[in-house]
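**Student:** Shown below is the structure under consideration.
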Amino acid sequence: MSDPRSPRASEVWAALSEIPDPEIPVISLVELGGEPDVRVISDDSWSSDKITPEGREKLRAAGLAPPAPREASAPTLVQLQSAVFRCPYCGSKHTKLENIFGPTPCRSVRYCASCRQPFEQFKTI
Amino acid sequence: MSRSRSDRAEKLLELADDELVLGWRNSEWTGIAPYLEEDVAFSSIAQNEIGHARALYELAAAELGTTADELALGREPEEYRCAPLVELRQLEWARTIARHFLYETADAVRIEALKESSDPEIAGLAAKVDREEVYHRIHADMWLDRLQASAEGLRRLREAVSELWPYALGVLDEELRPEWVERIRGRLRFDLPEGRPVTRAEHTDDLRELWEEMTMVRRSAPGANW
């Protein structure tokens, strides 16, 4: 099913690369690190680390800060409140957590003190 | 159906019903939460919980030879296996935060145990679900600190916890409950209440009311494909 070498699979991948994510149309399903099977919920194989470098850059250019890499332990409030998250507009790390939940469950809202711009930060999932 | 159900299916239904029913309760804040950020937060949490319920129902459905929708919406109220804690309708902020904290802490203990399961489907799903649940716990913890920081917040939280305590005791079984009690004790700035668990064997009138609403559309067109 997901062997990208067979012609059928390559066709599927090519088609997927043209399908925008329904919530974030700047990024395609392939850039999101998806597979040609939308029912992925029941295993642990997808994480926000699977978003490709191209996908991450497109998110950032659209004003959506890409997720931080996953770490061995789960994120904590202290981490989320720390100033390691970079503003997608000006690049400053002088940002603070405004709200854990943003417009969708996978995004938080942060505020950049340097350019005074609120922005959406993808969660590490 | 309930006679021959395996322990595995039984446990999956407990979890799925908890997440579905609490998802519905959390969604009741949509549009009317004290302020916009919390409106969005509870709506997102509700959406996550219902997504988790769906995945859990699918695992159970595969074993029971039925469908996730049939399990979620096609049973009678007394067939649900949810803990009464999640059934309670309580559009009052301190009680909402108290339940959120008590439930999410119990869920964390339960998920940690499930991640160690020898069943790869269950362990995998638990790990997946936990990556979203961690944000629910952070949110609950943040609110717990906020309420406990003022005299009025503390008083109202304490009243809410006292009221919910017997229900909260009923979420986990005797094996996991002591770990949960210790975690709760470590976070609250007051002594734990006393009480006997209201278990999954019982249901509240609130569940019947919620069921009427939740299954209304499906019951209006029996046998329809959705």
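Letters A, B, ... mark the chains of the structure tokens in the order given; residue numbers begin at 1 per chain; ligand numbers begin at 1, in order shown.
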Would you give me, as a Markdown table, each residue of chain B having an atom within 12 Å of an atom of chain A, along with its shortest atom pair and that distance in Å to one decimal, using only C-alpha atoms and sorting by chain and residue number?

**Tutor:**
| residue | atom | partner | partner_atom | distance |
| --- | --- | --- | --- | --- |
| B:Tyr35 | CA | A:Asn99 | CA | 11.8 |
| B:Leu36 | CA | A:Asn99 | CA | 10.4 |
| B:Glu37 | CA | A:Asn99 | CA | 6.7 |
| B:Glu38 | CA | A:Phe101 | CA | 8.4 |
| B:Asp39 | CA | A:Phe101 | CA | 9.6 |
| B:Val40 | CA | A:Phe101 | CA | 6.5 |
| B:Ala41 | CA | A:Phe101 | CA | 4.9 |
| B:Phe42 | CA | A:Phe101 | CA | 8.5 |
| B:Ser43 | CA | A:Pro105 | CA | 8.4 |
| B:Ser44 | CA | A:Pro105 | CA | 4.8 |
| B:Ile45 | CA | A:Pro105 | CA | 7.1 |
| B:Ala46 | CA | A:Pro105 | CA | 9.4 |
| B:Gln47 | CA | A:Pro105 | CA | 7.6 |
| B:Asn48 | CA | A:Pro105 | CA | 7.1 |
| B:Glu49 | CA | A:Pro105 | CA | 10.7 |
| B:Gly51 | CA | A:Ile41 | CA | 8.8 |
| B:His52 | CA | A:Ile41 | CA | 8.7 |
| B:Ala53 | CA | A:Ile41 | CA | 11.2 |
| B:Arg54 | CA | A:Ile41 | CA | 9.4 |
| B:Ala55 | CA | A:Ser42 | CA | 6.2 |
| B:Leu56 | CA | A:Ser42 | CA | 8.3 |
| B:Tyr57 | CA | A:Ser42 | CA | 10.7 |
| B:Glu58 | CA | A:Ser42 | CA | 8.7 |
| B:Leu59 | CA | A:Ser42 | CA | 8.2 |
| B:Ala60 | CA | A:Ser42 | CA | 11.8 |
| B:Ala108 | CA | A:Ala74 | CA | 11.9 |
| B:Lys115 | CA | A:Asp44 | CA | 10.8 |
| B:Asp119 | CA | A:Asp43 | CA | 12.0 |
| B:Pro120 | CA | A:Asp43 | CA | 8.8 |
| B:Glu121 | CA | A:Asp43 | CA | 6.9 |
| B:Ile122 | CA | A:Ser42 | CA | 8.4 |
| B:Ala123 | CA | A:Asp43 | CA | 8.6 |
| B:Gly124 | CA | A:Asp43 | CA | 4.9 |
| B:Leu125 | CA | A:Ser42 | CA | 5.1 |
| B:Ala126 | CA | A:Asp44 | CA | 8.4 |
| B:Ala127 | CA | A:Asp44 | CA | 6.2 |
| B:Lys128 | CA | A:Asp44 | CA | 5.0 |
| B:Val129 | CA | A:Asp44 | CA | 8.7 |
| B:Asp130 | CA | A:Ala74 | CA | 9.0 |
| B:Arg131 | CA | A:Ile125 | CA | 5.4 |
| B:Glu132 | CA | A:Ile125 | CA | 6.8 |
| B:Glu133 | CA | A:Ile125 | CA | 10.0 |
| B:Val134 | CA | A:Ala74 | CA | 7.0 |
| B:Tyr135 | CA | A:Ile100 | CA | 7.3 |
| B:His136 | CA | A:Ile100 | CA | 8.9 |
| B:Arg137 | CA | A:Thr76 | CA | 9.2 |
| B:Ile138 | CA | A:Leu77 | CA | 5.8 |
| B:His139 | CA | A:Ile100 | CA | 6.9 |
| B:Ala140 | CA | A:Leu77 | CA | 10.6 |
| B:Asp141 | CA | A:Leu77 | CA | 8.6 |
| B:Met142 | CA | A:Leu77 | CA | 7.8 |
| B:Trp143 | CA | A:Leu77 | CA | 11.5 |
| B:Asp145 | CA | A:Leu77 | CA | 11.7 |

**Student:** Please produce a file of those selected residues containing N, CA and C atoms, as a compact mmCIF listing (two decimals), in the first residue's frame.

**Tutor:**
# COMPACT_ATOMS: atom_id res chain seq x y z
N TYR B 35 -14.70 33.51 28.84
CA TYR B 35 -14.10 34.39 27.84
C TYR B 35 -13.64 33.57 26.64
N LEU B 36 -13.35 34.30 25.57
CA LEU B 36 -13.13 33.66 24.27
C LEU B 36 -12.07 32.56 24.30
N GLU B 37 -10.95 32.81 24.98
CA GLU B 37 -9.87 31.83 24.98
C GLU B 37 -10.34 30.49 25.56
N GLU B 38 -11.17 30.57 26.60
CA GLU B 38 -11.64 29.33 27.22
C GLU B 38 -12.73 28.68 26.38
N ASP B 39 -13.48 29.48 25.68
CA ASP B 39 -14.46 28.97 24.73
C ASP B 39 -13.73 28.07 23.72
N VAL B 40 -12.64 28.62 23.19
CA VAL B 40 -11.85 27.91 22.19
C VAL B 40 -11.18 26.69 22.81
N ALA B 41 -10.63 26.86 24.02
CA ALA B 41 -9.92 25.75 24.67
C ALA B 41 -10.86 24.58 24.92
N PHE B 42 -12.02 24.84 25.52
CA PHE B 42 -12.93 23.72 25.81
C PHE B 42 -13.51 23.11 24.53
N SER B 43 -13.69 23.93 23.51
CA SER B 43 -14.16 23.38 22.24
C SER B 43 -13.11 22.45 21.63
N SER B 44 -11.84 22.86 21.72
CA SER B 44 -10.75 22.04 21.19
C SER B 44 -10.61 20.74 21.98
N ILE B 45 -10.69 20.86 23.29
CA ILE B 45 -10.56 19.68 24.14
C ILE B 45 -11.70 18.72 23.82
N ALA B 46 -12.90 19.26 23.66
CA ALA B 46 -14.06 18.44 23.32
C ALA B 46 -13.82 17.70 22.01
N GLN B 47 -13.31 18.43 21.05
CA GLN B 47 -13.05 17.83 19.73
C GLN B 47 -12.02 16.70 19.84
N ASN B 48 -10.97 16.93 20.61
CA ASN B 48 -9.97 15.88 20.83
C ASN B 48 -10.61 14.65 21.48
N GLU B 49 -11.39 14.88 22.54
CA GLU B 49 -11.96 13.75 23.30
C GLU B 49 -12.87 12.90 22.40
N GLY B 51 -12.64 12.65 19.19
CA GLY B 51 -11.75 11.93 18.28
C GLY B 51 -11.15 10.70 18.93
N HIS B 52 -10.78 10.82 20.20
CA HIS B 52 -10.23 9.66 20.92
C HIS B 52 -11.32 8.60 21.07
N ALA B 53 -12.54 9.05 21.38
CA ALA B 53 -13.65 8.11 21.53
C ALA B 53 -13.83 7.33 20.23
N ARG B 54 -13.78 8.02 19.13
CA ARG B 54 -13.99 7.37 17.83
C ARG B 54 -12.94 6.26 17.61
N ALA B 55 -11.68 6.59 17.87
CA ALA B 55 -10.61 5.61 17.66
C ALA B 55 -10.80 4.41 18.59
N LEU B 56 -11.20 4.66 19.82
CA LEU B 56 -11.41 3.58 20.79
C LEU B 56 -12.61 2.72 20.38
N TYR B 57 -13.70 3.37 19.94
CA TYR B 57 -14.87 2.62 19.48
C TYR B 57 -14.51 1.74 18.28
N GLU B 58 -13.64 2.26 17.41
CA GLU B 58 -13.27 1.47 16.23
C GLU B 58 -12.54 0.20 16.63
N LEU B 59 -11.65 0.31 17.62
CA LEU B 59 -10.96 -0.90 18.10
C LEU B 59 -11.96 -1.89 18.70
N ALA B 60 -12.87 -1.36 19.51
CA ALA B 60 -13.88 -2.23 20.14
C ALA B 60 -14.80 -2.82 19.09
N ALA B 108 -4.56 10.34 32.84
CA ALA B 108 -3.11 10.21 32.70
C ALA B 108 -2.61 8.90 33.31
N LYS B 115 -0.23 2.31 27.92
CA LYS B 115 0.94 2.37 27.05
C LYS B 115 1.86 1.17 27.26
N ASP B 119 -0.87 -5.59 24.23
CA ASP B 119 -1.66 -5.51 23.00
C ASP B 119 -1.17 -4.30 22.20
N PRO B 120 -0.52 -4.54 21.03
CA PRO B 120 0.11 -3.42 20.32
C PRO B 120 -0.89 -2.36 19.86
N GLU B 121 -2.11 -2.78 19.54
CA GLU B 121 -3.12 -1.80 19.10
C GLU B 121 -3.47 -0.84 20.24
N ILE B 122 -3.63 -1.41 21.42
CA ILE B 122 -3.99 -0.59 22.57
C ILE B 122 -2.82 0.29 23.00
N ALA B 123 -1.62 -0.28 23.05
CA ALA B 123 -0.45 0.51 23.45
C ALA B 123 -0.21 1.64 22.45
N GLY B 124 -0.36 1.35 21.16
CA GLY B 124 -0.15 2.35 20.12
C GLY B 124 -1.16 3.48 20.21
N LEU B 125 -2.43 3.10 20.39
CA LEU B 125 -3.47 4.13 20.49
C LEU B 125 -3.28 4.97 21.75
N ALA B 126 -2.90 4.33 22.85
CA ALA B 126 -2.67 5.07 24.10
C ALA B 126 -1.57 6.11 23.90
N ALA B 127 -0.50 5.72 23.22
CA ALA B 127 0.62 6.65 22.99
C ALA B 127 0.15 7.82 22.12
N LYS B 128 -0.64 7.49 21.13
CA LYS B 128 -1.14 8.52 20.21
C LYS B 128 -2.04 9.53 20.94
N VAL B 129 -2.98 8.98 21.67
CA VAL B 129 -3.93 9.80 22.41
C VAL B 129 -3.21 10.68 23.44
N ASP B 130 -2.18 10.13 24.04
CA ASP B 130 -1.47 10.84 25.11
C ASP B 130 -0.82 12.13 24.61
N ARG B 131 -0.45 12.14 23.33
CA ARG B 131 0.20 13.34 22.81
C ARG B 131 -0.75 14.52 22.76
N GLU B 132 -2.05 14.25 22.68
CA GLU B 132 -3.02 15.35 22.77
C GLU B 132 -3.42 15.59 24.22
N GLU B 133 -3.52 14.49 24.97
CA GLU B 133 -3.96 14.61 26.36
C GLU B 133 -2.99 15.46 27.18
N VAL B 134 -1.72 15.43 26.83
CA VAL B 134 -0.75 16.20 27.61
C VAL B 134 -1.12 17.69 27.62
N TYR B 135 -1.70 18.17 26.53
CA TYR B 135 -2.11 19.59 26.48
C TYR B 135 -3.36 19.83 27.32
N HIS B 136 -4.21 18.82 27.44
CA HIS B 136 -5.38 18.95 28.31
C HIS B 136 -4.91 19.06 29.77
N ARG B 137 -3.92 18.24 30.12
CA ARG B 137 -3.43 18.25 31.50
C ARG B 137 -2.76 19.57 31.83
N ILE B 138 -1.98 20.08 30.87
CA ILE B 138 -1.33 21.37 31.10
C ILE B 138 -2.39 22.44 31.32
N HIS B 139 -3.42 22.40 30.51
CA HIS B 139 -4.51 23.37 30.62
C HIS B 139 -5.20 23.24 31.98
N ALA B 140 -5.49 22.01 32.39
CA ALA B 140 -6.15 21.79 33.69
C ALA B 140 -5.26 22.25 34.84
N ASP B 141 -3.97 21.93 34.76
CA ASP B 141 -3.02 22.32 35.81
C ASP B 141 -2.91 23.83 35.95
N MET B 142 -2.91 24.47 34.79
CA MET B 142 -2.79 25.93 34.77
C MET B 142 -3.99 26.56 35.49
N TRP B 143 -5.17 26.01 35.21
CA TRP B 143 -6.38 26.53 35.85
C TRP B 143 -6.44 26.21 37.34
N ASP B 145 -3.89 26.00 39.34
CA ASP B 145 -3.03 27.00 40.00
C ASP B 145 -3.73 28.34 40.08

**Student:** So that I can see what lies close to Lys58 (chain A), please list as a ChimeraX atom specification the residues with an atom at most 12 Å from it, counting only C-alpha atoms and leaving out residues fewer than 3 positions away in the same chain.

**Tutor:** /A:20,24-28,31-32,51-55,61-66,88

**Student:** Near Trp24 (chain B), counting only C-alpha atoms, which residues have an atom at most 8 Å away, once you skip same-chain residues fewer than 4 positions from it, shown as a ChimeraX atom specification?

**Tutor:** /B:20,28,46,50

**Student:** Any chance you could export the current selection's C-alpha atoms as a PDB file, in the first residue's frame?

**Tutor:**
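See result14.pdb below for the written result:
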ATOM      1  CA  LEU B  20     -17.435  10.687  24.241  1.00  0.00           C
ATOM      2  CA  GLU B  28     -21.453  22.732  26.189  1.00  0.00           C
ATOM      3  CA  ALA B  46     -14.058  18.437  23.322  1.00  0.00           C
ATOM      4  CA  ILE B  50     -14.557  12.826  20.702  1.00  0.00           C
TER       5      ILE B  50
END

**Student:** Using only C-alpha atoms, which of the listed residues (A:Glu57, A:Arg116, A:Leu97, A:Leu29) sits closest to Ala15 (chain A)?

**Tutor:**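 Looking only at the distances to Ala15 (chain A), the closest residue turns out to be A:Leu29.
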
**Student:** At a cut-off of 12 Å, using only C-alpha atoms, what residues contact Glu179 (chain B)? Leave out same-chain residues fewer than 3 positions from it and give the result as a list in words.

**Tutor:**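 The contact residues come out as Thr105, Ala106, Asp107, Ala108, Val109, Arg110, Glu112, Ala113, Leu169, Leu172, Asp173, Glu174, Glu175, Leu176, Glu182, Arg183, Ile184, Arg185 and Gly186 of chain B.
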
**Student:** Next, dump the selected residues to file, keeping only C-alpha atoms, as a PDB file, in the first residue's frame.

**Tutor:**
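The result, written out as part_4.pdb:
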ATOM      1  CA  THR B 105      -5.300  13.256  36.149  1.00  0.00           C
ATOM      2  CA  ALA B 106      -7.148   9.925  36.236  1.00  0.00           C
ATOM      3  CA  ASP B 107      -6.869   9.653  32.466  1.00  0.00           C
ATOM      4  CA  ALA B 108      -3.106  10.212  32.698  1.00  0.00           C
ATOM      5  CA  VAL B 109      -2.721   7.326  35.173  1.00  0.00           C
ATOM      6  CA  ARG B 110      -4.874   5.107  32.969  1.00  0.00           C
ATOM      7  CA  GLU B 112       0.338   5.349  31.350  1.00  0.00           C
ATOM      8  CA  ALA B 113      -0.858   1.844  32.223  1.00  0.00           C
ATOM      9  CA  LEU B 169     -13.255   8.045  42.856  1.00  0.00           C
ATOM     10  CA  LEU B 172     -10.374   4.283  38.004  1.00  0.00           C
ATOM     11  CA  ASP B 173     -10.476   0.755  39.330  1.00  0.00           C
ATOM     12  CA  GLU B 174      -8.990  -0.236  42.668  1.00  0.00           C
ATOM     13  CA  GLU B 175      -5.663  -1.083  41.116  1.00  0.00           C
ATOM     14  CA  LEU B 176      -4.988   2.361  39.652  1.00  0.00           C
ATOM     15  CA  GLU B 182      -1.620  10.537  45.539  1.00  0.00           C
ATOM     16  CA  ARG B 183      -1.284  12.755  42.475  1.00  0.00           C
ATOM     17  CA  ILE B 184      -4.415  14.705  43.419  1.00  0.00           C
ATOM     18  CA  ARG B 185      -3.222  15.062  47.019  1.00  0.00           C
ATOM     19  CA  GLY B 186       0.092  16.433  45.766  1.00  0.00           C
TER      20      GLY B 186
END

**Student:** Hey, can you check how far CA of Glu202 (chain B) sits from CA of Ala83 (chain B)?

**Tutor:**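 Separating CA of Glu202 (chain B) from CA of Ala83 (chain B) is a distance of 8.1 Å.
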
**Student:** Can you measure CA of Cys115 (chain A) to CA of Pro67 (chain A) for me? One decimal in Å is fine.

**Tutor:**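 Taking CA of Cys115 (chain A) and CA of Pro67 (chain A), their separation equals 20.2 Å.
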
**Student:** Select, from B:Arg89, B:Arg81, B:Arg75, B:Arg177, the residue with the minimum atom-to-atom distance to Glu10 (chain B), counting only C-alpha atoms.

**Tutor:** B:Arg81

**Student:** Could you pull out the residues in region 61-208 of chain B that DSSP calls alpha helix (DSSP H) from the backbone, as a VMD selection string?

**Tutor:** chain B and resid 61 to 64 68 to 73 84 to 87 93 to 115 120 to 148 151 to 169 177 to 187 205 to 208

**Student:** Near region 153-160 of chain B, within 6 Å and counting only C-alpha atoms, which residues show up once chain neighbours fewer than 3 positions away are dropped, as a ChimeraX atom specification?

**Tutor:** /B:94-95,147-148,150,163

**Student:** Mind writing the picked residues with C-alpha atoms as a PDB file, in the first residue's frame?

**Tutor:**
ATOM      1  CA  ALA B  94     -15.157  25.987  39.410  1.00  0.00           C
ATOM      2  CA  ARG B  95     -16.938  22.642  39.019  1.00  0.00           C
ATOM      3  CA  LEU B 147      -8.033  29.068  41.162  1.00  0.00           C
ATOM      4  CA  GLN B 148      -5.853  28.149  44.105  1.00  0.00           C
ATOM      5  CA  SER B 150      -6.993  33.476  45.394  1.00  0.00           C
ATOM      6  CA  GLU B 163     -19.063  17.627  45.698  1.00  0.00           C
TER       7      GLU B 163
END

**Student:** Please, what distance in Å, to one decimal, runs between CA of Cys82 (chain B) and CA of Glu14 (chain B)?

**Tutor:**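 It comes out at 5.3 Å.
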
**Student:** May I ask which of the residues B:Glu19, B:Glu92, B:Glu78, B:Asp7 is the closest one to Ile32 (chain B), counting only C-alpha atoms?

**Tutor:**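 Smallest separation from Ile32 (chain B) among the options: B:Glu92.
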
**Student:** Which residues are close to Pro193 (chain B), i.e. within 9 Å by only C-alpha atoms, leaving aside same-chain residues fewer than 4 positions away? Reply as a PyMOL selection string.

**Tutor:** chain B and resi 161-163+165-166
